[in-house]
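The file query-v9.txt comes next; it holds compact mmCIF, C-alpha atoms.
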# COMPACT_ATOMS: atom_id res chain seq x y z
CA MET A 1 81.96 79.87 123.33
CA LYS A 2 82.55 82.69 120.85
CA VAL A 3 85.94 84.02 119.75
CA GLU A 4 86.79 86.82 117.35
CA ILE A 5 90.23 87.01 115.74
CA ILE A 6 91.28 90.55 114.86
CA SER A 7 94.04 91.16 112.33
CA VAL A 8 95.13 94.69 113.18
CA TRP A 9 95.90 97.21 110.48
CA GLU A 10 96.67 100.89 110.19
CA SER A 11 96.96 102.37 106.72
CA GLN A 12 100.59 102.67 105.70
CA ASP A 13 99.98 105.20 102.98
CA ASP A 14 97.74 108.19 102.57
CA GLY A 15 95.81 106.76 99.67
CA ILE A 16 93.57 103.98 98.39
CA ASN A 17 93.70 100.91 100.60
CA GLU A 18 95.86 98.54 98.57
CA ALA A 19 95.73 96.07 101.46
CA ARG A 20 92.37 94.90 100.12
CA SER A 21 94.12 93.17 97.23
CA VAL A 22 95.31 90.03 99.08
CA ALA A 23 93.97 88.67 102.37
CA PRO A 24 96.69 87.84 104.91
CA LEU A 25 96.89 84.19 105.89
CA THR A 26 97.29 84.45 109.67
CA ALA A 27 93.72 85.01 110.89
CA ALA A 28 92.21 82.37 108.61
CA TYR A 29 94.84 79.85 109.64
CA ILE A 30 94.57 80.56 113.38
CA ALA A 31 90.79 80.19 113.10
CA ALA A 32 91.32 76.66 111.81
CA LEU A 33 93.27 75.75 114.96
CA PHE A 34 90.29 76.35 117.26
CA PRO A 35 88.13 73.33 118.24
CA SER A 36 85.03 72.80 116.12
CA ASP A 37 82.68 73.54 119.02
CA ILE A 38 83.93 77.14 119.25
CA ASP A 39 82.17 79.79 117.17
CA VAL A 40 85.02 81.70 115.51
CA SER A 41 84.80 84.92 113.50
CA ILE A 42 87.49 86.93 111.71
CA ARG A 43 87.87 90.68 111.41
CA HIS A 44 90.56 92.16 109.16
CA GLU A 45 90.74 95.80 110.17
CA MET A 46 91.83 96.75 106.66
CA ILE A 47 88.32 95.72 105.55
CA GLN A 48 86.06 96.45 108.50
CA PRO A 49 86.49 98.52 111.68
CA VAL A 50 86.67 96.90 115.09
CA ASN A 51 83.28 96.34 116.71
CA TYR A 52 83.58 96.92 120.46
CA GLU A 53 79.95 95.90 121.02
CA ILE A 54 80.37 92.38 119.63
CA ASP A 55 79.12 89.58 121.88
CA VAL A 56 82.14 87.28 122.32
CA ASP A 57 83.88 85.48 125.17
CA LEU A 58 87.40 86.08 123.94
CA ILE A 59 89.30 88.36 121.57
CA ALA A 60 92.46 87.09 119.84
CA ILE A 61 94.67 89.77 118.29
CA THR A 62 97.49 89.37 115.77
CA PHE A 63 99.63 92.17 114.37
CA LEU A 64 102.99 93.23 112.97
CA ILE A 65 105.42 95.58 114.70
CA GLY A 66 104.22 98.71 112.88
CA ASN A 67 100.70 98.13 114.21
CA ALA A 68 101.68 97.32 117.80
CA ILE A 69 100.62 100.62 119.41
CA HIS A 70 97.25 100.51 117.67
CA ALA A 71 96.81 96.85 118.65
CA TYR A 72 97.43 97.71 122.29
CA GLU A 73 94.79 100.46 122.11
CA ILE A 74 92.26 97.95 120.74
CA ALA A 75 93.13 95.42 123.44
CA ASP A 76 92.83 98.01 126.21
CA ARG A 77 89.34 99.01 125.09
CA PHE A 78 88.10 95.41 125.09
CA ARG A 79 89.57 94.73 128.51
CA GLU A 80 87.97 97.90 129.87
CA ILE A 81 84.55 96.47 128.99
CA GLY A 82 85.38 93.07 130.46
CA VAL A 83 86.32 91.04 127.37
CA PRO A 84 89.51 88.97 127.83
CA VAL A 85 92.23 89.40 125.20
CA ILE A 86 95.00 87.11 124.00
CA MET A 87 97.77 88.24 121.66
CA GLY A 88 100.27 86.56 119.36
CA GLY A 89 102.54 87.16 116.42
CA PRO A 90 106.20 88.04 115.82
CA HIS A 91 106.25 91.25 117.89
CA VAL A 92 104.49 89.61 120.83
CA SER A 93 106.93 86.70 120.71
CA LEU A 94 109.86 89.10 120.94
CA LEU A 95 108.35 91.39 123.59
CA PRO A 96 105.87 89.27 125.57
CA GLU A 97 106.14 91.35 128.76
CA GLU A 98 105.26 94.51 126.83
CA ALA A 99 102.22 92.83 125.25
CA LEU A 100 101.10 91.45 128.64
CA LYS A 101 100.49 95.00 129.83
CA HIS A 102 97.60 95.05 127.36
CA SER A 103 96.37 91.44 127.33
CA ASP A 104 95.38 88.56 129.58
CA ALA A 105 97.66 86.04 127.88
CA VAL A 106 100.25 85.98 125.11
CA VAL A 107 101.40 83.27 122.73
CA VAL A 108 105.16 83.11 122.20
CA GLY A 109 106.28 81.22 119.12
CA GLU A 110 104.17 79.04 116.85
CA ALA A 111 100.59 78.67 118.01
CA GLU A 112 99.98 75.08 116.87
CA ASN A 113 101.82 73.56 119.83
CA ILE A 114 100.08 75.53 122.56
CA LEU A 115 96.71 76.95 121.46
CA SER A 116 94.74 73.88 122.53
CA GLN A 117 96.14 74.14 126.06
CA LEU A 118 95.38 77.87 126.16
CA ILE A 119 91.75 77.23 125.20
CA LYS A 120 91.47 74.42 127.76
CA ASP A 121 92.82 76.70 130.49
CA PHE A 122 90.52 79.53 129.47
CA ARG A 123 87.48 77.28 129.71
CA HIS A 124 88.51 76.17 133.20
CA GLY A 125 89.31 79.69 134.39
CA THR A 126 93.02 78.92 134.81
CA LEU A 127 94.45 81.05 132.00
CA LYS A 128 98.19 81.62 132.34
CA ASN A 129 99.99 84.78 131.28
CA ILE A 130 102.49 83.27 128.83
CA TYR A 131 102.12 80.23 126.56
CA LYS A 132 105.48 79.51 124.99
CA SER A 133 106.22 77.07 122.20
CA GLU A 134 109.61 75.51 122.85
CA LYS A 135 110.07 73.96 119.42
CA PRO A 136 108.98 74.47 115.81
CA HIS A 137 105.82 72.72 114.75
CA ASN A 138 105.81 69.79 112.34
CA LEU A 139 104.25 71.16 109.14
CA LYS A 140 102.63 67.86 108.19
CA ALA A 141 98.81 67.77 108.07
CA LEU A 142 98.23 71.42 108.93
CA PRO A 143 94.52 72.31 108.98
CA LEU A 144 92.94 73.99 105.99
CA PRO A 145 92.66 77.73 106.71
CA ARG A 146 89.11 79.01 107.28
CA TYR A 147 88.85 80.82 103.96
CA ASP A 148 85.07 80.78 104.43
CA LEU A 149 85.46 83.35 107.22
CA VAL A 150 87.56 85.83 105.22
CA GLU A 151 85.76 88.99 104.11
CA LYS A 152 84.45 88.99 100.56
CA GLU A 153 85.79 92.49 99.94
CA PHE A 154 89.31 91.16 99.38
CA PHE A 155 90.25 90.85 95.71
CA LEU A 156 92.03 87.61 96.61
CA ASN A 157 90.77 86.08 99.84
CA ARG A 158 92.98 83.01 99.82
CA SER A 159 96.69 82.74 100.68
CA ILE A 160 98.71 79.52 100.71
CA GLN A 161 101.81 78.59 102.68
CA ALA A 162 104.13 75.90 101.39
CA THR A 163 107.23 76.67 103.46
CA ARG A 164 108.27 78.50 106.60
CA GLY A 165 111.49 80.31 107.30
CA CYS A 166 114.37 81.11 105.00
CA PRO A 167 117.80 79.52 104.43
CA TYR A 168 119.42 82.98 104.52
CA TYR A 169 120.04 85.09 107.60
CA CYS A 170 119.99 88.76 106.63
CA ASP A 171 120.62 91.16 109.53
CA PHE A 172 117.57 93.34 108.88
CA CYS A 173 115.07 90.48 108.55
CA SER A 174 112.72 89.56 111.39
CA VAL A 175 112.52 85.93 110.20
CA LYS A 176 116.05 85.42 111.53
CA SER A 177 114.91 86.46 115.02
CA PHE A 178 113.03 83.18 115.50
CA ASN A 179 115.73 80.96 114.00
CA TYR A 180 113.43 77.99 113.36
CA GLY A 181 115.21 77.25 110.11
CA PHE A 182 113.71 76.56 106.70
CA ARG A 183 110.92 73.96 106.63
CA THR A 184 108.61 72.56 103.98
CA ARG A 185 105.08 71.16 104.03
CA PRO A 186 104.20 67.87 102.34
CA ILE A 187 103.43 68.75 98.74
CA GLU A 188 100.18 66.80 98.75
CA ASP A 189 98.98 69.03 101.62
CA VAL A 190 99.83 72.17 99.65
CA ILE A 191 97.96 70.88 96.61
CA THR A 192 94.96 70.16 98.83
CA ASP A 193 95.01 73.77 100.04
CA ILE A 194 95.14 75.05 96.48
CA THR A 195 92.35 72.86 95.13
CA SER A 196 89.92 72.82 98.07
CA TYR A 197 88.74 76.41 97.76
CA GLU A 198 86.00 77.81 95.56
CA GLY A 199 86.29 81.54 94.95
CA ARG A 200 83.53 83.95 94.00
CA ASN A 201 84.73 84.47 90.44
CA TYR A 202 87.12 83.31 87.74
CA LEU A 203 90.14 85.28 89.01
CA GLN A 204 89.73 84.14 92.61
CA ASN A 205 89.69 80.54 91.42
CA LYS A 206 92.59 81.13 89.06
CA MET A 207 95.03 83.02 91.28
CA VAL A 208 97.11 81.70 94.17
CA TRP A 209 99.22 83.83 96.50
CA PHE A 210 101.98 82.00 98.40
CA TRP A 211 102.50 83.63 101.80
CA ASP A 212 106.09 82.34 102.02
CA THR A 213 109.31 84.13 102.94
CA ASN A 214 111.23 82.28 100.24
CA LEU A 215 109.28 79.70 98.27
CA ILE A 216 112.41 78.34 96.56
CA GLY A 217 114.47 78.04 99.78
CA SER A 218 114.81 74.39 98.80
CA LYS A 219 115.07 74.27 95.01
CA ARG A 220 114.54 70.53 94.95
CA TYR A 221 111.28 70.91 96.88
CA ALA A 222 110.17 73.85 94.73
CA LYS A 223 110.72 71.90 91.51
CA GLU A 224 108.65 69.01 92.80
CA LEU A 225 105.90 71.38 93.92
CA PHE A 226 105.82 73.15 90.56
CA ARG A 227 105.59 69.83 88.70
CA GLU A 228 102.55 68.90 90.76
CA MET A 229 100.99 72.31 90.13
CA ILE A 230 101.24 72.22 86.33
CA PRO A 231 97.95 70.29 85.80
CA LEU A 232 96.11 72.76 88.07
CA LYS A 233 96.54 75.59 85.52
CA LYS A 234 96.71 78.31 88.16
CA TRP A 235 98.34 81.75 88.17
CA TRP A 236 100.54 82.19 91.20
CA PHE A 237 102.73 84.76 92.95
CA SER A 238 105.31 84.48 95.71
CA GLN A 239 108.39 85.93 97.31
CA THR A 240 111.63 84.25 96.30
CA SER A 241 115.35 84.91 96.43
CA ILE A 242 117.03 86.28 93.31
CA ASP A 243 119.13 83.14 92.82
CA MET A 244 116.02 81.49 91.39
CA ALA A 245 116.96 83.09 88.08
CA LYS A 246 120.16 81.02 87.84
CA ASP A 247 118.35 77.68 87.71
CA LYS A 248 116.85 77.18 84.24
CA GLU A 249 114.93 74.05 85.17
CA LEU A 250 113.42 75.81 88.17
CA MET A 251 112.45 78.79 86.02
CA ARG A 252 110.90 76.59 83.36
CA LEU A 253 108.86 74.63 85.88
CA ALA A 254 107.76 77.84 87.61
CA ALA A 255 106.52 79.25 84.31
CA GLU A 256 104.80 76.02 83.30
CA SER A 257 103.07 75.82 86.69
CA GLY A 258 101.63 79.31 86.22
CA CYS A 259 104.07 81.69 87.90
CA ALA A 260 102.83 85.19 87.05
CA GLY A 261 105.18 87.20 89.24
CA VAL A 262 107.78 87.08 91.98
CA PHE A 263 108.84 89.51 94.68
CA ILE A 264 112.62 89.58 95.05
CA GLY A 265 114.56 91.53 97.65
CA ILE A 266 117.14 93.47 95.65
CA GLU A 267 117.52 95.77 98.69
CA SER A 268 120.47 97.88 97.50
CA PHE A 269 122.63 98.84 94.54
CA SER A 270 125.70 98.96 96.79
CA GLN A 271 127.59 95.70 97.32
CA GLU A 272 129.03 97.11 100.54
CA SER A 273 125.53 97.73 101.90
CA LEU A 274 124.54 94.16 101.04
CA LYS A 275 127.64 92.94 102.83
CA GLN A 276 126.76 94.94 105.94
CA ILE A 277 123.35 93.26 106.22
CA LYS A 278 124.82 89.85 105.36
CA LYS A 279 122.86 89.51 102.13
CA ASN A 280 125.92 88.22 100.33
CA HIS A 281 123.95 85.97 97.97
CA ASN A 282 122.82 89.12 96.13
CA LYS A 283 125.37 90.14 93.50
CA ILE A 284 124.71 93.50 91.87
CA ALA A 285 126.52 92.40 88.72
CA ASP A 286 123.86 89.69 88.31
CA TYR A 287 120.79 91.92 88.73
CA LYS A 288 120.21 92.67 85.07
CA MET A 289 120.75 89.06 84.04
CA ALA A 290 118.30 87.91 86.70
CA VAL A 291 115.54 90.33 85.67
CA GLU A 292 116.02 89.38 82.02
CA ALA A 293 115.83 85.69 82.92
CA PHE A 294 112.50 86.17 84.68
CA HIS A 295 111.19 88.08 81.68
CA GLU A 296 112.33 85.33 79.30
CA TYR A 297 109.89 83.03 81.08
CA GLY A 298 107.12 85.63 81.16
CA ILE A 299 107.45 86.27 84.90
CA TYR A 300 106.71 89.72 86.34
CA VAL A 301 109.40 91.13 88.68
CA MET A 302 108.43 93.01 91.85
CA ALA A 303 111.61 94.32 93.49
CA GLY A 304 112.07 95.39 97.10
CA ILE A 305 114.53 98.27 97.41
CA ILE A 306 115.67 99.81 100.70
CA ILE A 307 117.26 103.21 101.25
CA GLY A 308 119.11 104.51 104.28
CA PHE A 309 122.06 102.12 104.51
CA ASP A 310 125.30 103.52 105.86
CA GLU A 311 126.74 103.68 102.34
CA ASP A 312 123.77 105.68 101.04
CA THR A 313 123.92 109.40 100.36
CA GLU A 314 121.38 111.80 98.92
CA GLU A 315 123.16 111.55 95.58
CA SER A 316 123.25 107.75 95.51
CA ILE A 317 119.54 107.60 96.36
CA LYS A 318 118.71 109.93 93.48
CA ARG A 319 120.28 107.44 91.08
CA ILE A 320 117.88 104.63 92.05
CA PRO A 321 115.09 105.47 89.54
CA GLY A 322 117.66 105.24 86.75
CA PHE A 323 118.82 101.81 87.97
CA VAL A 324 115.22 100.58 88.16
CA GLN A 325 114.53 101.59 84.57
CA GLU A 326 117.86 100.25 83.32
CA LEU A 327 117.29 96.83 84.87
CA GLY A 328 113.75 96.58 83.53
CA ILE A 329 112.13 96.00 86.93
CA ASP A 330 108.36 95.80 86.51
CA ILE A 331 107.43 97.46 89.80
CA PRO A 332 109.74 98.81 92.52
CA PHE A 333 108.72 98.79 96.17
CA ILE A 334 110.82 101.41 97.95
CA HIS A 335 111.14 101.52 101.73
CA ILE A 336 113.31 103.22 104.33
CA LEU A 337 115.57 100.82 106.20
CA THR A 338 113.76 99.68 109.36
CA PRO A 339 115.74 97.95 112.15
CA ASN A 340 112.86 95.94 113.60
CA TYR A 341 113.16 94.92 117.23
CA GLY A 342 114.84 91.54 117.63
CA THR A 343 116.95 91.79 114.49
CA ALA A 344 120.74 91.94 114.43
CA LEU A 345 120.43 95.33 112.77
CA TYR A 346 118.39 96.73 115.68
CA ASP A 347 120.91 95.36 118.17
CA ARG A 348 123.82 96.92 116.28
CA TYR A 349 122.17 100.33 115.94
CA ASN A 350 121.11 100.19 119.58
CA ARG A 351 124.69 99.52 120.69
CA GLU A 352 125.79 102.45 118.55
CA LYS A 353 123.07 104.59 120.20
CA ARG A 354 121.50 105.32 116.80
CA ILE A 355 117.96 104.15 117.57
CA LEU A 356 115.89 107.33 117.84
CA THR A 357 112.55 105.94 119.00
CA ASN A 358 110.75 102.83 120.11
CA ASP A 359 107.42 104.17 118.92
CA TRP A 360 106.52 101.01 117.05
CA SER A 361 103.93 102.83 114.92
CA LEU A 362 106.85 104.40 113.05
CA TYR A 363 108.42 101.00 112.28
CA ASN A 364 106.53 100.71 108.99
CA GLY A 365 109.19 101.20 106.31
CA PHE A 366 108.29 104.85 105.73
CA ASN A 367 110.14 106.48 108.64
CA ALA A 368 113.75 106.77 109.74
CA VAL A 369 113.65 105.45 113.30
CA TYR A 370 117.45 105.53 113.55
CA GLN A 371 120.15 108.10 112.80
CA PRO A 372 121.43 107.66 109.22
CA LYS A 373 125.16 107.91 108.73
CA ASN A 374 125.46 110.33 105.81
CA MET A 375 122.35 112.49 106.10
CA SER A 376 119.74 113.73 108.52
CA THR A 377 116.41 111.97 109.00
CA ASP A 378 114.69 114.85 107.18
CA GLU A 379 117.05 114.48 104.24
CA LEU A 380 116.38 110.74 104.10
CA HIS A 381 112.59 111.31 104.23
CA ASN A 382 112.73 113.94 101.50
CA SER A 383 114.98 111.77 99.30
CA TYR A 384 112.50 108.93 99.71
CA LEU A 385 109.56 111.06 98.60
CA GLU A 386 111.48 112.50 95.65
CA ILE A 387 112.36 109.13 94.15
CA TRP A 388 108.91 107.74 95.00
CA GLU A 389 107.31 110.50 92.94
CA GLU A 390 109.79 110.07 90.11
CA LEU A 391 109.38 106.30 89.94
CA HIS A 392 105.61 106.62 89.72
CA SER A 393 105.47 109.40 87.19
CA PHE A 394 103.28 108.70 84.19
CA SER A 395 106.22 108.33 81.79
CA LYS A 396 108.13 105.83 83.93
CA THR A 397 104.97 103.91 84.78
CA PHE A 398 103.99 103.65 81.11
CA ASN A 399 107.51 102.51 80.23
CA ARG A 400 107.50 99.74 82.87
CA VAL A 401 104.08 98.40 81.89
CA PHE A 402 104.71 98.20 78.16
CA ARG A 403 108.47 97.75 77.68
CA ASN A 404 108.31 94.00 78.40
CA LEU A 405 104.97 93.41 76.69
CA PRO A 406 106.41 91.32 73.82
CA LYS A 407 107.64 88.70 76.34
CA ALA A 408 104.88 89.07 78.92
CA ARG A 409 102.15 86.53 79.44
CA LEU A 410 98.60 87.75 80.00
CA ARG A 411 98.82 86.93 83.72
CA SER A 412 102.01 88.95 84.26
CA PHE A 413 100.85 91.88 82.14
CA LEU A 414 97.59 92.21 84.07
CA TRP A 415 99.39 92.26 87.42
CA SER A 416 101.94 94.78 86.14
CA PHE A 417 99.15 97.00 84.88
CA PHE A 418 97.32 96.76 88.22
CA ASP A 419 100.35 97.45 90.45
CA ASN A 420 101.83 100.24 88.37
CA GLY A 421 98.46 101.83 87.74
CA TYR A 422 97.67 101.90 91.45
CA TYR A 423 100.85 103.74 92.44
CA CYS A 424 100.73 106.07 89.46
CA LEU A 425 97.17 106.97 90.46
CA LEU A 426 98.28 107.75 94.02
CA LYS A 427 101.02 110.01 92.70
CA HIS A 428 98.73 111.93 90.37
CA ILE A 429 95.99 112.50 92.94
CA GLY A 430 98.57 113.83 95.38
CA LYS A 431 98.71 110.93 97.82
CA PHE A 432 102.05 109.92 99.29
CA PRO A 433 103.50 107.41 101.75
CA LEU A 434 103.33 108.59 105.33
CA VAL A 435 106.81 109.69 106.33
CA GLY A 436 108.27 111.95 108.99
CA VAL A 437 108.96 111.76 112.71
CA ASN A 438 105.28 112.32 113.48
CA GLY A 439 104.05 110.05 110.71
CA GLN A 440 102.94 113.04 108.63
CA ASN A 441 103.52 113.75 104.97
CA ARG A 442 106.53 115.78 103.98
CA SER A 443 105.57 116.85 100.48

What would the structure in this file look like if it were written as structure tokens?
Amino acid sequence: MKVEIISVWESQDDGINEARSVAPLTAAYIAALFPSDIDVSIRHEMIQPVNYEIDVDLIAITFLIGNAIHAYEIADRFREIGVPVIMGGPHVSLLPEEALKHSDAVVVGEAENILSQLIKDFRHGTLKNIYKSEKPHNLKALPLPRYDLVEKEFFLNRSIQATRGCPYYCDFCSVKSFNYGFRTRPIEDVITDITSYEGRNYLQNKMVWFWDTNLIGSKRYAKELFREMIPLKKWWFSQTSIDMAKDKELMRLAAESGCAGVFIGIESFSQESLKQIKKNHNKIADYKMAVEAFHEYGIYVMAGIIIGFDEDTEESIKRIPGFVQELGIDIPFIHILTPNYGTALYDRYNREKRILTNDWSLYNGFNAVYQPKNMSTDELHNSYLEIWEELHSFSKTFNRVFRNLPKARLRSFLWSFFDNGYYCLLKHIGKFPLVGVNGQNRS
């Protein structure tokens, strides 16, 4: 029996494919769940196009909400030529009936509890439409992801997961939709994942990317993990909450264990906006202190910033580049507020009749799919492009890369240079994020 797992991807910017930098974890991990007698292959669409002539018995498709329409098109083509398709992932779990219009079976929830039964049914010709996991999976003794199947074109073709979920419940976040709570893996299992892989070169062996929503959701667990990682002498990156900066022991252990950079969701420079999305653990008055604390330990700060909250105006958005430079953020990631299906934010905007479209291809962080309160969608799109261009101008890019150099470690400087250089290059060759009601540039 042959199965191909397709990780669907449509470019989210009109430029160089930055997605090649880090391989997603999902496909490699799902591949490890299949029985050993099944011949499994992986295809990340960001690396290689879909092959509709491939000789397989089953196609398994995983995708995020912004790629749903494209995923359905892929599934329809395979089914037209007689190849059965199964689908899974967050969007499928929230809208299984929609996905079933384009697949033979769907997986709702975490696959570990139900994939073996699905495969058994498929082999016996008794495949059901919906396979639903009724409870979260125990994270002990998870299989080692099939890193050997991941395409070599990725700069980093290994991702690690130490935790699942998040202790916070922000209204715009899809993680809250599943409400499984925050869970941790046994630390010895995580260390096994980190040490069992041989990369193609020095950097692949050196660097570890944690595919976690909030690695320090349990600070006690994180400290223990970092202590165990110190002898490994790795460079690692992850997403964490900003309150990490308040715990000096946690910061010290992170630095000693090789933390090169963190992604933190700053989201907004308006406390009222943070209150509206229930991200009350973010305090704007603490932002500068937090960034400085990360820099004191040589940790590079990637900051997620969202525009389009009800408190935002064109004028307040224009002030964002100044805030970014003032705080000393190493690289800003700017997105338009996206009320993903299944979130409390989507439900609220839907009740208020502010959702403008359910074209999931526009739910990518670059389009206003709802009616903003203080501006039109065109004004929000144009404001986004204006600050995107300003933030990635040569002068601001140069300032971000070199202003923290005296405190930077080699690992954090290299990543800052790579990230900032990439976006500055896009800006100067005239490539922009895809925004607009038809997904077209508004430049």

* Given all atoms listed in the file as the counted atoms, nearest of A:Met87, A:Leu25, A:Met302, A:Met46 to A:Ala162 ->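 So, comparing all the options, the nearest one is A:Leu25.
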
* Between atom CA of A:Leu274 and atom CA of A:Ser238, measure the distance and give it in Å to one decimal. =>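 Atom-to-atom, atom CA of A:Leu274 to atom CA of A:Ser238, that is 22.2 Å.
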
* Pick out the residues sitting within 8 Å of A:Lys396, and hand them over as a PyMOL selection string; count all atoms listed in the file, and ignore anything fewer than 5 positions along from it in its own chain. => chain A and resi 325+390-391

Output C-alpha atoms for every residue in the selection just made, as a PDB file, in the coordinates of the input.
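Wrote out-v9.pdb, looks like this:
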ATOM      1  CA  GLN A 325     114.530 101.590  84.570  1.00  0.00           C
ATOM      2  CA  GLU A 390     109.790 110.070  90.110  1.00  0.00           C
ATOM      3  CA  LEU A 391     109.380 106.300  89.940  1.00  0.00           C
TER       4      LEU A 391
END

* Asked: atom CA of A:Ser133 and atom CA of A:Pro96, how far apart in Å?
  ->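 Going from atom CA of A:Pro96 over to atom CA of A:Ser133 covers 12.7 Å.
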
* Find the residues near stretch 58-72 of chain A: any atom within 9 Å, counting only C-alpha atoms, skip ones fewer than 6 places away on the same chain, and give them as a PyMOL selection string. => chain A and resi 1-10+12+26-27+78+83-92+99+101-103+340-341+359-365

Store the residues picked out above in a file with C-alpha atoms, as a tab-separated table (two decimals), keeping the file's coordinate frame.
chain	number	residue	atom	x	y	z
A	1	MET	CA	81.96	79.87	123.33
A	2	LYS	CA	82.55	82.69	120.85
A	3	VAL	CA	85.94	84.02	119.75
A	4	GLU	CA	86.79	86.82	117.35
A	5	ILE	CA	90.23	87.01	115.74
A	6	ILE	CA	91.28	90.55	114.86
A	7	SER	CA	94.04	91.16	112.33
A	8	VAL	CA	95.13	94.69	113.18
A	9	TRP	CA	95.90	97.21	110.48
A	10	GLU	CA	96.67	100.89	110.19
A	12	GLN	CA	100.59	102.67	105.70
A	26	THR	CA	97.29	84.45	109.67
A	27	ALA	CA	93.72	85.01	110.89
A	78	PHE	CA	88.10	95.41	125.09
A	83	VAL	CA	86.32	91.04	127.37
A	84	PRO	CA	89.51	88.97	127.83
A	85	VAL	CA	92.23	89.40	125.20
A	86	ILE	CA	95.00	87.11	124.00
A	87	MET	CA	97.77	88.24	121.66
A	88	GLY	CA	100.27	86.56	119.36
A	89	GLY	CA	102.54	87.16	116.42
A	90	PRO	CA	106.20	88.04	115.82
A	91	HIS	CA	106.25	91.25	117.89
A	92	VAL	CA	104.49	89.61	120.83
A	99	ALA	CA	102.22	92.83	125.25
A	101	LYS	CA	100.49	95.00	129.83
A	102	HIS	CA	97.60	95.05	127.36
A	103	SER	CA	96.37	91.44	127.33
A	340	ASN	CA	112.86	95.94	113.60
A	341	TYR	CA	113.16	94.92	117.23
A	359	ASP	CA	107.42	104.17	118.92
A	360	TRP	CA	106.52	101.01	117.05
A	361	SER	CA	103.93	102.83	114.92
A	362	LEU	CA	106.85	104.40	113.05
A	363	TYR	CA	108.42	101.00	112.28
A	364	ASN	CA	106.53	100.71	108.99
A	365	GLY	CA	109.19	101.20	106.31

* In terms of the shortest atom-to-atom distance over all atoms listed in the file, which of A:Thr163, A:Phe417, A:Tyr370, A:Arg409 is closest to A:Asp347? ->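 Nearest candidate to A:Asp347 out of A:Thr163, A:Phe417, A:Tyr370, A:Arg409: A:Tyr370.
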
* Do you have the atom CA of A:Thr313-atom CA of A:Lys373 distance handy? -> 8.6 Å

* Option closest in space to A:Ile119, from A:Ile336, A:Ile299, A:Leu33, A:Leu100 [counting all atoms listed in the file] ->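 Smallest distance to A:Ile119 is found for A:Leu33.
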
* **Protein/DNA/RNA residues near (90.6, 85.4, 96.5), cut 9 Å, all atoms listed in the file, as a list in words** => Ser21, Val22, Ala23, Tyr147, Lys152, Phe154, Phe155, Leu156, Asn157, Arg158, Ser159, Glu198, Gly199, Arg200, Asn201, Leu203, Gln204, Asn205, Lys206, Met207, Val208 and Trp209 of chain A

* Asked: Using only C-alpha atoms, which residues sit within 10 Å of A:Tyr169 once same-chain residues fewer than 3 positions away are excluded, as a ChimeraX atom specification?
  -> /A:165-166,172-177,179,181,277-280,344

* Do you know which residues are at most 8 Å from A:Phe237 counting only C-alpha atoms, after dropping those on the same chain fewer than 3 positions away, and could you put them as a ChimeraX atom specification? -> /A:208-210,259-263

What are the nearest atom pairs, with distances in Å to one decimal, for all residues of stretch 157-227 of chain A that come at most 10 Å from stretch 248-257 of chain A, using only C-alpha atoms, set out by chain and rising residue number as a tab-separated table?
residue	atom	partner	partner_atom	distance
A:Ile216	CA	A:Leu250	CA	8.8
A:Lys219	CA	A:Leu250	CA	7.2
A:Arg220	CA	A:Leu250	CA	8.7
A:Ala222	CA	A:Leu250	CA	7.6
A:Lys223	CA	A:Leu250	CA	5.8
A:Glu224	CA	A:Leu253	CA	8.9
A:Leu225	CA	A:Ser257	CA	8.9
A:Phe226	CA	A:Ser257	CA	5.4
A:Arg227	CA	A:Leu253	CA	6.5

* Asked: Counting all atoms listed in the file, which of A:Ala368, A:Ile194, A:Val40, A:Asp76 gets nearest to A:Lys233?
  ->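 Of all the options, A:Ile194 lies closest to A:Lys233.
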
* Please provide as a list in words all residues within 10 Å of A:Val190, with the sequence filter that same-chain residues fewer than 4 positions apart are discarded (counting all atoms listed in the file). => Lys140, Ala141, Leu142, Leu144, Ile160, Gln161, Ala162, Thr163, Thr184, Arg185, Pro186, Ile194, Thr195, Leu225, Glu228 and Met229 of chain A

* For a cut-off of 12 Å around (105.5, 99.7, 77.9), file coordinates, pick out all residues using only C-alpha atoms and list them as a PyMOL selection string. => chain A and resi 325+328-330+394-408+413+416-417+420

Go ahead and dump the residues you just picked, C-alpha atoms, as a CSV table (one decimal), keeping the file's coordinate frame.
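Produced file again_11.csv, reproduced below:
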chain,number,residue,atom,x,y,z
A,325,GLN,CA,114.5,101.6,84.6
A,328,GLY,CA,113.8,96.6,83.5
A,329,ILE,CA,112.1,96.0,86.9
A,330,ASP,CA,108.4,95.8,86.5
A,394,PHE,CA,103.3,108.7,84.2
A,395,SER,CA,106.2,108.3,81.8
A,396,LYS,CA,108.1,105.8,83.9
A,397,THR,CA,105.0,103.9,84.8
A,398,PHE,CA,104.0,103.6,81.1
A,399,ASN,CA,107.5,102.5,80.2
A,400,ARG,CA,107.5,99.7,82.9
A,401,VAL,CA,104.1,98.4,81.9
A,402,PHE,CA,104.7,98.2,78.2
A,403,ARG,CA,108.5,97.8,77.7
A,404,ASN,CA,108.3,94.0,78.4
A,405,LEU,CA,105.0,93.4,76.7
A,406,PRO,CA,106.4,91.3,73.8
A,407,LYS,CA,107.6,88.7,76.3
A,408,ALA,CA,104.9,89.1,78.9
A,413,PHE,CA,100.8,91.9,82.1
A,416,SER,CA,101.9,94.8,86.1
A,417,PHE,CA,99.2,97.0,84.9
A,420,ASN,CA,101.8,100.2,88.4

* May I ask which of the residues A:Tyr131, A:Glu267, A:Asp57, A:Gly421 is the closest one to A:Ser393, counting only C-alpha atoms? => A:Gly421
